[in-house]
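Single-structure report; data block below.
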Amino acid sequence: MAMSFEQVAASTVQVRCGDSRGSGFHLFRSDLIVTNQHVLDGGTGDIFVQTEQGATSSATVLVASTVADKDFAVLRTSNPIPGPRTVLQPGAGIPDRGEEMVFSGFPHGITDLLVQRACVAGPFGSVGFHLDGS
């Protein structure tokens, strides 16, 4: 079953590390946030996650790759984030080309959460897929 725009928005947080900003999302559990390592490498100091409604929690890095190798980081929030939150659970396999997806984030320093619809444009090797969205 496809998720609504509001469910996808409720899974997304803004990640802040010093002056660096990026997007993250709840995965597996409400206290786990996945983001990109380049967001953390771009700043210094404490890490915070914030919802669209302004609820904030500090976070610590559990595991991370280098930017050159996968560019991901898994964070754990220090306290529960209030409000209705959607926790994403991975599906099985890679979606087919042309399948419609909904994605969200705070791209390019935009402070408002953007939620968009896109189609799977093609595979990304055996580990992922490309979207036709920005």
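In the structure tokens, the first chain shown is A, the next is B, and so on; residue numbers restart at 1 for each chain, and ligands run from 1 in the order shown.
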Please list as a ChimeraX atom specification every residue within 8 Å of Phe48 (chain A), counting only C-alpha atoms and excluding residues in the same chain fewer than 5 positions away. /A:15-17,56-59
I'd like to know which residues of chain A are helix (DSSP H, G or I) (by DSSP, run on the backbone); could you write them as an mmCIF file with C-alpha atoms, in the first residue's frame?
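The resulting file, part36.cif, is shown below:
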data_model
loop_
_atom_site.group_PDB
_atom_site.id
_atom_site.type_symbol
_atom_site.label_atom_id
_atom_site.label_comp_id
_atom_site.auth_asym_id
_atom_site.auth_seq_id
_atom_site.Cartn_x
_atom_site.Cartn_y
_atom_site.Cartn_z
ATOM 1 C CA PHE A 5 2.159 12.574 1.408
ATOM 2 C CA GLU A 6 1.420 13.262 5.092
ATOM 3 C CA GLN A 7 2.757 9.856 6.191
ATOM 4 C CA VAL A 8 5.957 10.449 4.234
ATOM 5 C CA ALA A 9 6.250 13.962 5.710
ATOM 6 C CA GLN A 37 27.379 11.462 6.054
ATOM 7 C CA HIS A 38 28.132 14.604 4.018
ATOM 8 C CA VAL A 39 25.537 16.453 6.163
ATOM 9 C CA LEU A 40 27.563 15.643 9.279
ATOM 10 C CA ASP A 41 30.940 16.209 7.612
ATOM 11 C CA PRO A 107 16.896 19.990 -0.205
ATOM 12 C CA HIS A 108 19.563 22.602 -0.912
ATOM 13 C CA GLY A 109 19.101 24.491 2.363
#
What's around Gly125 (chain A) at 12 Å? Count only C-alpha atoms, leave out sequence neighbours fewer than 4 positions away in its own chain, and write the answer as JSON, numbers by chain. {"A": [94, 129, 130]}
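Taking only C-alpha atoms into account, Pro84 (chain A) lies nearest to A:Gln53 out of the set A:Gln53, A:Val34, A:Gln14, A:Phe28.
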Nearest candidate to Leu131 (chain A) (options A:Val115, A:Ile47, A:Val102, A:Ile110; using only C-alpha atoms): A:Val102
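Note that the spacing between CA of Asp112 (chain A) and CA of Glu52 (chain A) amounts to 7.3 Å.
If you look at CA of Lys70 (chain A) and CA of Asp132 (chain A), they are 20.2 Å away from each other.
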Taking 3 positions as the minimum chain separation for residues in the same chain, which residues sit within 7 Å of Gly98 (chain A) when counting only C-alpha atoms? Answer as a JSON list (two decimals) with C-alpha atoms, in the first residue's frame.
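Generated output (around29.json):
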[["chain", "number", "residue", "atom", "x", "y", "z"],
["A", 119, "CYS", "CA", 8.63, 7.58, -10.89],
["A", 120, "VAL", "CA", 11.41, 5.03, -10.69],
["A", 121, "ALA", "CA", 13.54, 5.89, -13.72]]
Spatial neighbours of Leu32 (chain A), max dist 10 Å, only C-alpha atoms, sep filter under 6 positions, as a count of residues only: 13
CA of Leu114 (chain A) to CA of Asp69 (chain A), straight-line distance in Å: 26.8 Å
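Nearest to Phe124 (chain A) of all the residues A:Pro82, A:Gly43, A:Arg97, A:Ser104 is A:Arg97, based on only C-alpha atoms.
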